[in-house]
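Have a look at query_31.cif; it's mmCIF, C-alpha atoms:
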data_entry
#
loop_
_atom_site.group_PDB
_atom_site.id
_atom_site.type_symbol
_atom_site.label_atom_id
_atom_site.label_comp_id
_atom_site.auth_asym_id
_atom_site.auth_seq_id
_atom_site.Cartn_x
_atom_site.Cartn_y
_atom_site.Cartn_z
ATOM 1 C CA MET A 1 -2.351 -12.578 -15.824
ATOM 2 C CA LEU A 2 -2.723 -8.897 -15.024
ATOM 3 C CA CYS A 3 -1.504 -9.049 -11.428
ATOM 4 C CA THR A 4 1.502 -10.853 -9.989
ATOM 5 C CA TRP A 5 1.108 -11.745 -6.327
ATOM 6 C CA LEU A 6 4.209 -11.506 -4.174
ATOM 7 C CA PRO A 7 4.738 -13.869 -1.230
ATOM 8 C CA GLU A 8 5.276 -12.481 2.261
ATOM 9 C CA ILE A 9 8.891 -11.475 2.665
ATOM 10 C CA ALA A 10 10.632 -12.625 5.842
ATOM 11 C CA ASN A 11 13.882 -10.856 4.957
ATOM 12 C CA PRO A 12 13.886 -7.624 2.923
ATOM 13 C CA ARG A 13 16.741 -8.918 0.771
ATOM 14 C CA ASP A 14 14.580 -11.900 -0.270
ATOM 15 C CA GLY A 15 12.199 -9.658 -2.192
ATOM 16 C CA PHE A 16 14.710 -7.229 -3.627
ATOM 17 C CA VAL A 17 15.836 -7.958 -7.135
ATOM 18 C CA ASN A 18 18.732 -5.691 -7.956
ATOM 19 C CA ASN A 19 17.302 -4.504 -11.221
ATOM 20 C CA LYS A 20 15.150 -1.451 -11.521
ATOM 21 C CA GLN A 21 11.587 -1.981 -12.690
ATOM 22 C CA PRO A 22 10.514 1.638 -13.133
ATOM 23 C CA ASP A 23 7.269 0.736 -14.925
ATOM 24 C CA THR A 24 6.091 -1.522 -12.095
ATOM 25 C CA VAL A 25 3.639 -0.440 -9.403
ATOM 26 C CA LEU A 26 3.327 -2.290 -6.100
ATOM 27 C CA LEU A 27 -0.108 -2.402 -4.485
ATOM 28 C CA LEU A 28 0.555 -3.131 -0.808
ATOM 29 C CA ARG A 29 -2.391 -3.667 1.494
ATOM 30 C CA GLY A 30 -2.320 -4.051 5.244
ATOM 31 C CA PRO A 31 -4.484 -5.526 7.994
ATOM 32 C CA GLY A 32 -8.115 -6.196 7.275
ATOM 33 C CA HIS A 33 -7.846 -6.364 3.515
ATOM 34 C CA ASN A 34 -7.219 -10.126 3.310
ATOM 35 C CA ILE A 35 -7.262 -10.225 -0.464
ATOM 36 C CA THR A 36 -7.783 -13.675 -1.897
ATOM 37 C CA SER A 37 -4.715 -14.352 -3.995
ATOM 38 C CA GLU A 38 -5.874 -17.450 -5.855
ATOM 39 C CA ARG A 39 -9.096 -18.126 -7.675
ATOM 40 C CA PRO A 40 -10.131 -20.153 -10.704
ATOM 41 C CA ASP A 41 -9.386 -18.500 -14.058
ATOM 42 C CA ASN A 42 -13.010 -18.876 -15.153
ATOM 43 C CA THR A 43 -14.426 -16.783 -12.285
ATOM 44 C CA LYS A 44 -16.956 -14.254 -13.579
ATOM 45 C CA GLU A 45 -16.576 -10.624 -12.553
ATOM 46 C CA GLU A 46 -19.930 -10.657 -10.733
ATOM 47 C CA ASP A 47 -18.701 -13.585 -8.576
ATOM 48 C CA LEU A 48 -15.639 -11.743 -7.293
ATOM 49 C CA THR A 49 -15.380 -10.595 -3.697
ATOM 50 C CA PRO A 50 -15.191 -6.807 -3.284
ATOM 51 C CA ASN A 51 -11.427 -7.096 -2.690
ATOM 52 C CA GLN A 52 -10.873 -9.212 -5.815
ATOM 53 C CA PHE A 53 -12.937 -6.719 -7.798
ATOM 54 C CA VAL A 54 -10.749 -3.850 -6.541
ATOM 55 C CA GLU A 55 -7.591 -5.790 -7.405
ATOM 56 C CA ASP A 56 -8.800 -6.689 -10.898
ATOM 57 C CA ARG A 57 -9.882 -3.125 -11.711
ATOM 58 C CA ALA A 58 -6.596 -1.685 -10.462
ATOM 59 C CA ALA A 59 -4.626 -4.261 -12.476
ATOM 60 C CA LYS A 60 -6.661 -3.497 -15.621
ATOM 61 C CA THR A 61 -6.127 0.233 -15.140
ATOM 62 C CA ALA A 62 -2.374 -0.312 -14.728
ATOM 63 C CA GLU A 63 -2.280 -2.400 -17.898
ATOM 64 C CA LEU A 64 -4.159 0.299 -19.832
ATOM 65 C CA MET A 65 -1.594 2.826 -18.579
ATOM 66 C CA GLY A 66 1.283 0.612 -19.771
ATOM 67 C CA LEU A 67 2.353 -0.339 -16.258
ATOM 68 C CA LYS A 68 3.192 -3.679 -14.689
ATOM 69 C CA PHE A 69 1.262 -4.414 -11.515
ATOM 70 C CA VAL A 70 2.344 -6.486 -8.530
ATOM 71 C CA ALA A 71 0.462 -6.878 -5.273
ATOM 72 C CA ALA A 72 1.111 -8.010 -1.735
ATOM 73 C CA HIS A 73 -0.872 -8.183 1.467
ATOM 74 C CA SER A 74 0.004 -8.800 5.081
ATOM 75 C CA ASN A 75 -1.632 -8.383 8.446
ATOM 76 C CA VAL A 76 1.855 -8.154 9.998
ATOM 77 C CA GLU A 77 3.570 -4.771 10.200
ATOM 78 C CA GLY A 78 7.054 -6.265 9.867
ATOM 79 C CA TYR A 79 6.164 -7.975 6.586
ATOM 80 C CA LEU A 80 4.729 -4.719 5.257
ATOM 81 C CA ILE A 81 8.040 -3.041 6.127
ATOM 82 C CA ASN A 82 9.932 -5.789 4.288
ATOM 83 C CA HIS A 83 7.758 -5.285 1.200
ATOM 84 C CA LEU A 84 8.403 -1.543 1.356
ATOM 85 C CA HIS A 85 12.156 -2.189 1.560
ATOM 86 C CA ALA A 86 11.959 -4.487 -1.463
ATOM 87 C CA ALA A 87 9.901 -1.884 -3.364
ATOM 88 C CA ARG A 88 13.020 0.223 -3.994
ATOM 89 C CA GLN A 89 13.158 -1.483 -7.389
ATOM 90 C CA TYR A 90 9.689 -0.288 -8.464
ATOM 91 C CA GLY A 91 8.469 2.965 -9.969
ATOM 92 C CA ALA A 92 5.753 3.590 -7.358
ATOM 93 C CA ILE A 93 3.955 2.125 -4.356
ATOM 94 C CA ILE A 94 0.234 2.283 -3.696
ATOM 95 C CA PHE A 95 -0.133 1.610 0.015
ATOM 96 C CA SER A 96 -3.386 0.926 1.793
ATOM 97 C CA PRO A 97 -2.064 0.375 5.318
ATOM 98 C CA GLY A 98 -5.291 -0.647 7.056
ATOM 99 C CA ALA A 99 -5.226 0.230 10.737
ATOM 100 C CA TYR A 100 -1.485 0.882 10.619
ATOM 101 C CA TYR A 101 -2.044 4.396 9.251
ATOM 102 C CA HIS A 102 -2.750 5.921 12.658
ATOM 103 C CA TYR A 103 -1.320 5.941 16.114
ATOM 104 C CA MET A 104 -3.236 5.381 19.297
ATOM 105 C CA PRO A 105 -2.497 7.136 22.545
ATOM 106 C CA ILE A 106 -2.071 4.596 25.327
ATOM 107 C CA VAL A 107 -2.856 5.663 28.873
ATOM 108 C CA SER A 108 -0.957 3.830 31.579
ATOM 109 C CA ALA A 109 -3.146 2.200 34.239
ATOM 110 C CA SER A 110 -0.201 2.269 36.672
ATOM 111 C CA PHE A 111 0.540 5.934 36.066
ATOM 112 C CA PRO A 112 -2.763 7.707 35.218
ATOM 113 C CA GLY A 113 -1.091 10.995 34.283
ATOM 114 C CA LEU A 114 1.396 9.311 31.961
ATOM 115 C CA SER A 115 0.461 8.448 28.423
ATOM 116 C CA ARG A 116 2.488 7.356 25.445
ATOM 117 C CA VAL A 117 1.894 6.683 21.783
ATOM 118 C CA SER A 118 1.780 3.212 20.302
ATOM 119 C CA PRO A 119 4.837 2.644 18.069
ATOM 120 C CA ASP A 120 2.711 1.178 15.269
ATOM 121 C CA SER A 121 2.874 3.213 12.070
ATOM 122 C CA TYR A 122 5.995 5.139 13.015
ATOM 123 C CA ALA A 123 8.066 2.182 11.805
ATOM 124 C CA LEU A 124 6.117 2.376 8.528
ATOM 125 C CA TYR A 125 6.626 6.152 8.466
ATOM 126 C CA ASP A 126 10.392 5.734 8.864
ATOM 127 C CA THR A 127 10.488 3.023 6.211
ATOM 128 C CA ILE A 128 8.583 5.038 3.599
ATOM 129 C CA LYS A 129 10.842 8.017 4.295
ATOM 130 C CA VAL A 130 14.014 5.969 3.774
ATOM 131 C CA VAL A 131 12.899 3.863 0.785
ATOM 132 C CA LYS A 132 12.416 6.908 -1.478
ATOM 133 C CA THR A 133 10.122 5.101 -3.953
ATOM 134 C CA PRO A 134 7.130 7.408 -4.472
ATOM 135 C CA CYS A 135 4.340 6.167 -2.196
ATOM 136 C CA ILE A 136 0.650 6.968 -2.558
ATOM 137 C CA GLU A 137 -1.478 6.319 0.522
ATOM 138 C CA VAL A 138 -5.001 5.051 -0.190
ATOM 139 C CA HIS A 139 -8.067 4.689 2.028
ATOM 140 C CA ILE A 140 -11.469 3.653 0.684
ATOM 141 C CA GLY A 141 -13.275 5.318 3.581
ATOM 142 C CA ASN A 142 -12.999 8.816 5.008
ATOM 143 C CA MET A 143 -10.689 8.657 8.022
ATOM 144 C CA TYR A 144 -11.658 12.191 8.984
ATOM 145 C CA ALA A 145 -15.220 11.040 9.659
ATOM 146 C CA ALA A 146 -13.906 8.557 12.254
ATOM 147 C CA GLU A 147 -12.498 9.018 15.755
ATOM 148 C CA ASP A 148 -10.024 11.862 16.292
ATOM 149 C CA PHE A 149 -7.034 9.541 16.743
ATOM 150 C CA ARG A 150 -7.575 8.058 13.266
ATOM 151 C CA LYS A 151 -5.450 10.560 11.382
ATOM 152 C CA SER A 152 -2.671 9.402 9.103
ATOM 153 C CA VAL A 153 0.841 9.520 10.500
ATOM 154 C CA LEU A 154 2.082 8.354 7.072
ATOM 155 C CA ALA A 155 0.756 11.308 5.051
ATOM 156 C CA PRO A 156 3.810 13.540 5.656
ATOM 157 C CA VAL A 157 6.101 10.995 3.936
ATOM 158 C CA THR A 158 3.812 9.941 1.110
ATOM 159 C CA ILE A 159 3.564 11.778 -2.215
ATOM 160 C CA SER A 160 -0.215 11.980 -1.975
ATOM 161 C CA ILE A 161 -3.135 10.558 -0.059
ATOM 162 C CA ILE A 162 -6.414 9.522 -1.657
ATOM 163 C CA ILE A 163 -9.328 9.026 0.734
ATOM 164 C CA GLY A 164 -13.053 8.607 0.922
ATOM 165 C CA CYS A 165 -14.056 7.955 -2.691
ATOM 166 C CA GLY A 166 -14.504 4.196 -2.394
ATOM 167 C CA PRO A 167 -12.800 1.477 -4.453
ATOM 168 C CA ILE A 168 -12.132 3.879 -7.340
ATOM 169 C CA ASN A 169 -9.360 5.319 -5.129
ATOM 170 C CA TYR A 170 -7.087 2.512 -6.344
ATOM 171 C CA GLU A 171 -7.634 3.466 -9.966
ATOM 172 C CA MET A 172 -6.957 7.118 -9.137
ATOM 173 C CA ALA A 173 -3.756 5.992 -7.408
ATOM 174 C CA ILE A 174 -2.674 4.123 -10.562
ATOM 175 C CA LEU A 175 -3.142 7.360 -12.537
ATOM 176 C CA LYS A 176 -1.025 9.252 -9.994
ATOM 177 C CA ALA A 177 1.607 6.479 -10.081
ATOM 178 C CA LYS A 178 1.815 6.778 -13.870
ATOM 179 C CA GLU A 179 2.298 10.543 -13.567
ATOM 180 C CA LEU A 180 5.087 10.070 -10.985
ATOM 181 C CA ILE A 181 6.806 7.393 -13.063
ATOM 182 C CA GLU A 182 6.749 9.631 -16.151
ATOM 183 C CA GLN A 183 8.146 12.554 -14.115
ATOM 184 C CA ASN A 184 10.977 10.356 -12.842
ATOM 185 C CA LYS A 185 11.762 9.156 -16.375
ATOM 186 C CA SER A 186 11.973 12.702 -17.723
ATOM 187 C CA ALA A 187 14.146 13.785 -14.777
ATOM 188 C CA THR A 188 16.584 10.889 -15.282
ATOM 189 C CA PRO A 189 19.231 11.592 -17.940
#
Take the structure in the file and give it back as C-alpha coordinates.
Amino acid sequence: MLCTWLPEIANPRDGFVNNKQPDTVLLLRGPGHNITSERPDNTKEEDLTPNQFVEDRAAKTAELMGLKFVAAHSNVEGYLINHLHAARQYGAIIFSPGAYYHYMPIVSASFPGLSRVSPDSYALYDTIKVVKTPCIEVHIGNMYAAEDFRKSVLAPVTISIIIGCGPINYEMAILKAKELIEQNKSATP
(Lines of atoms letter the chains of each structure in order from A and count residues from 1; the text may use other names and numbers.)
(Lines give C-alpha, C1' and ligand atoms only; values in the text may rest on other atoms or scores of the structure.)
Protein backbone atom coordinates (compact mmCIF):
# COMPACT_ATOMS: atom_id res chain seq x y z
CA MET A 1 0.00 0.00 0.00
CA LEU A 2 1.40 3.38 -0.98
CA CYS A 3 -0.45 5.45 1.62
CA THR A 4 -0.95 4.76 5.32
CA TRP A 5 -4.06 6.40 6.74
CA LEU A 6 -3.81 7.74 10.27
CA PRO A 7 -6.84 7.73 12.58
CA GLU A 8 -8.07 10.97 14.13
CA ILE A 9 -5.99 11.78 17.17
CA ALA A 10 -7.88 12.77 20.32
CA ASN A 11 -4.69 13.38 22.30
CA PRO A 12 -1.50 14.61 20.59
CA ARG A 13 0.58 12.08 22.52
CA ASP A 14 -1.51 9.25 21.01
CA GLY A 15 -0.13 9.92 17.54
CA PHE A 16 3.43 10.75 18.47
CA VAL A 17 5.87 7.91 18.18
CA ASN A 18 9.13 8.97 19.75
CA ASN A 19 11.25 7.92 16.83
CA LYS A 20 12.14 10.24 14.02
CA GLN A 21 10.85 9.31 10.58
CA PRO A 22 12.69 11.91 8.49
CA ASP A 23 11.75 10.28 5.16
CA THR A 24 8.03 10.39 5.93
CA VAL A 25 5.67 13.07 4.63
CA LEU A 26 2.29 13.73 6.23
CA LEU A 27 -0.52 14.88 3.95
CA LEU A 28 -3.03 16.58 6.25
CA ARG A 29 -6.29 17.80 4.79
CA GLY A 30 -8.94 19.85 6.52
CA PRO A 31 -12.65 20.57 6.18
CA GLY A 32 -14.35 19.83 2.91
CA HIS A 33 -11.84 17.32 1.62
CA ASN A 34 -13.55 14.23 3.09
CA ILE A 35 -11.15 11.79 1.50
CA THR A 36 -12.44 8.24 1.38
CA SER A 37 -9.94 6.21 3.35
CA GLU A 38 -11.07 2.71 2.40
CA ARG A 39 -11.84 1.24 -0.98
CA PRO A 40 -11.52 -2.17 -2.60
CA ASP A 41 -8.00 -3.04 -3.79
CA ASN A 42 -9.28 -3.79 -7.29
CA THR A 43 -10.66 -0.28 -7.89
CA LYS A 44 -9.61 1.02 -11.30
CA GLU A 45 -8.02 4.46 -11.52
CA GLU A 46 -10.88 5.79 -13.66
CA ASP A 47 -13.37 4.80 -10.91
CA LEU A 48 -11.65 6.84 -8.21
CA THR A 49 -13.23 9.97 -6.80
CA PRO A 50 -11.24 13.16 -7.48
CA ASN A 51 -9.95 13.07 -3.88
CA GLN A 52 -8.83 9.43 -4.13
CA PHE A 53 -7.12 10.25 -7.42
CA VAL A 54 -5.23 13.13 -5.77
CA GLU A 55 -4.22 10.88 -2.86
CA ASP A 56 -3.03 8.06 -5.13
CA ARG A 57 -0.99 10.38 -7.36
CA ALA A 58 0.63 12.08 -4.37
CA ALA A 59 1.44 8.69 -2.81
CA LYS A 60 2.94 7.44 -6.09
CA THR A 61 5.03 10.60 -6.43
CA ALA A 62 6.29 10.20 -2.85
CA GLU A 63 7.22 6.58 -3.53
CA LEU A 64 9.11 7.58 -6.69
CA MET A 65 10.99 10.16 -4.62
CA GLY A 66 11.92 7.52 -2.02
CA LEU A 67 9.60 8.92 0.63
CA LYS A 68 7.07 7.27 2.90
CA PHE A 69 3.62 8.81 2.75
CA VAL A 70 1.00 9.01 5.49
CA ALA A 71 -2.29 10.88 5.31
CA ALA A 72 -4.94 12.18 7.65
CA HIS A 73 -8.11 14.18 7.31
CA SER A 74 -10.41 15.92 9.74
CA ASN A 75 -13.18 18.46 9.61
CA VAL A 76 -12.36 19.40 13.23
CA GLU A 77 -9.71 22.04 13.89
CA GLY A 78 -8.64 20.46 17.18
CA TYR A 79 -7.90 17.12 15.50
CA LEU A 80 -5.87 18.90 12.83
CA ILE A 81 -3.85 20.54 15.62
CA ASN A 82 -3.29 17.14 17.23
CA HIS A 83 -2.04 15.72 13.92
CA LEU A 84 0.32 18.68 13.54
CA HIS A 85 1.66 18.07 17.06
CA ALA A 86 2.23 14.41 16.25
CA ALA A 87 3.96 15.36 12.97
CA ARG A 88 7.11 16.40 14.85
CA GLN A 89 8.43 12.93 14.02
CA TYR A 90 8.11 13.40 10.23
CA GLY A 91 10.36 15.05 7.68
CA ALA A 92 7.67 17.35 6.24
CA ILE A 93 3.98 18.21 6.32
CA ILE A 94 1.81 18.98 3.32
CA PHE A 95 -1.19 20.82 4.73
CA SER A 96 -4.35 21.61 2.82
CA PRO A 97 -6.33 23.31 5.59
CA GLY A 98 -9.64 23.82 3.78
CA ALA A 99 -11.53 26.81 5.14
CA TYR A 100 -9.24 27.00 8.16
CA TYR A 101 -6.60 28.90 6.17
CA HIS A 102 -8.32 32.27 6.57
CA TYR A 103 -9.87 34.37 9.24
CA MET A 104 -13.22 36.06 9.05
CA PRO A 105 -13.99 39.41 10.58
CA ILE A 106 -17.06 39.16 12.79
CA VAL A 107 -19.16 42.27 13.30
CA SER A 108 -21.06 42.43 16.57
CA ALA A 109 -24.81 42.98 16.21
CA SER A 110 -24.92 44.37 19.76
CA PHE A 111 -22.06 46.79 19.17
CA PRO A 112 -22.12 47.84 15.48
CA GLY A 113 -18.80 49.69 15.66
CA LEU A 114 -17.02 46.77 17.30
CA SER A 115 -15.65 43.94 15.25
CA ARG A 116 -13.32 41.09 16.06
CA VAL A 117 -11.59 38.31 14.20
CA SER A 118 -12.66 34.69 14.41
CA PRO A 119 -10.02 32.66 16.29
CA ASP A 120 -10.06 29.89 13.67
CA SER A 121 -6.72 29.45 11.93
CA TYR A 122 -4.70 31.34 14.52
CA ALA A 123 -4.58 28.16 16.61
CA LEU A 124 -3.28 26.37 13.50
CA TYR A 125 -0.82 29.23 12.90
CA ASP A 126 0.53 28.92 16.45
CA THR A 127 0.76 25.14 16.16
CA ILE A 128 2.70 25.18 12.87
CA LYS A 129 5.05 27.79 14.33
CA VAL A 130 5.78 25.67 17.41
CA VAL A 131 5.99 22.23 15.76
CA LYS A 132 8.98 23.20 13.59
CA THR A 133 8.45 20.39 11.05
CA PRO A 134 8.64 22.04 7.61
CA CYS A 135 5.06 22.68 6.47
CA ILE A 136 3.95 23.30 2.90
CA GLU A 137 0.51 24.87 2.51
CA VAL A 138 -1.48 23.66 -0.51
CA HIS A 139 -4.65 24.96 -2.15
CA ILE A 140 -6.03 23.53 -5.39
CA GLY A 141 -7.87 26.75 -6.20
CA ASN A 142 -6.67 30.35 -6.30
CA MET A 143 -7.61 31.97 -3.00
CA TYR A 144 -6.69 35.38 -4.38
CA ALA A 145 -9.54 35.13 -6.89
CA ALA A 146 -12.02 34.76 -4.00
CA GLU A 147 -13.37 37.23 -1.44
CA ASP A 148 -10.88 39.61 0.17
CA PHE A 149 -11.03 37.91 3.58
CA ARG A 150 -9.86 34.61 2.05
CA LYS A 151 -6.15 35.23 2.45
CA SER A 152 -3.95 32.73 4.22
CA VAL A 153 -3.08 33.48 7.82
CA LEU A 154 -0.88 30.34 7.78
CA ALA A 155 1.48 31.44 5.00
CA PRO A 156 3.86 33.36 7.31
CA VAL A 157 4.66 30.17 9.26
CA THR A 158 4.79 27.72 6.38
CA ILE A 159 7.90 27.07 4.28
CA SER A 160 6.01 27.61 1.05
CA ILE A 161 2.50 27.89 -0.31
CA ILE A 162 1.34 26.29 -3.55
CA ILE A 163 -1.94 27.59 -4.95
CA GLY A 164 -4.14 27.62 -7.99
CA CYS A 165 -2.63 24.90 -10.20
CA GLY A 166 -5.19 22.20 -9.46
CA PRO A 167 -4.56 18.70 -8.10
CA ILE A 168 -0.96 18.70 -9.37
CA ASN A 169 -0.23 21.04 -6.43
CA TYR A 170 0.08 17.95 -4.21
CA GLU A 171 2.74 16.45 -6.45
CA MET A 172 4.61 19.76 -6.49
CA ALA A 173 4.41 19.77 -2.69
CA ILE A 174 5.94 16.27 -2.56
CA LEU A 175 8.86 17.57 -4.66
CA LYS A 176 9.31 20.50 -2.27
CA ALA A 177 9.08 18.14 0.73
CA LYS A 178 11.84 15.97 -0.75
CA GLU A 179 14.03 19.05 -1.21
CA LEU A 180 13.43 20.13 2.41
CA ILE A 181 14.11 16.65 3.76
CA GLU A 182 17.39 16.44 1.82
CA GLN A 183 18.41 19.90 3.10
CA ASN A 184 17.71 18.82 6.68
CA LYS A 185 19.73 15.62 6.21
CA SER A 186 22.75 17.51 4.88
CA ALA A 187 22.50 20.06 7.71
CA THR A 188 22.37 17.35 10.39
CA PRO A 189 25.82 16.06 11.39
(message) the PyMOL selection byres ((chain A and resi 138) around 6) - which residues does that actually catch in the file I just gave you? List them as a ChimeraX atom specification.
(response) /A:95-96,137,139,161-163
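Considering the residues A:Arg88, A:Ile136, A:Met172, A:Lys178 and counting all atoms listed in the file, Ser160 in chain A has its shortest atom-to-atom contact with A:Ile136.
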(message) Restricting the calculation to only C-alpha atoms: of A:Val157, A:Val54, A:Leu26, A:Leu6, which residue gets closest to Ala177 in chain A?
(response)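 For Ala177 in chain A, the nearest of the candidates is A:Leu26.
Among the candidates A:Arg57, A:Arg29, A:Lys132, A:Lys176, the one nearest to His85 in chain A when counting all atoms listed in the file is A:Lys132.
Nearest to Leu64 in chain A of all the residues A:Leu28, A:Tyr90, A:Thr158, A:Glu171 is A:Glu171, counting only C-alpha atoms.
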(request) Name the residues that the PyMOL selection byres ((chain A and resi 23) around 12) picks from the file above, as a ChimeraX atom specification, using the file's chain letters and numbers. (result) /A:19-22,24-26,62-63,65-70,89-93,174,177-185
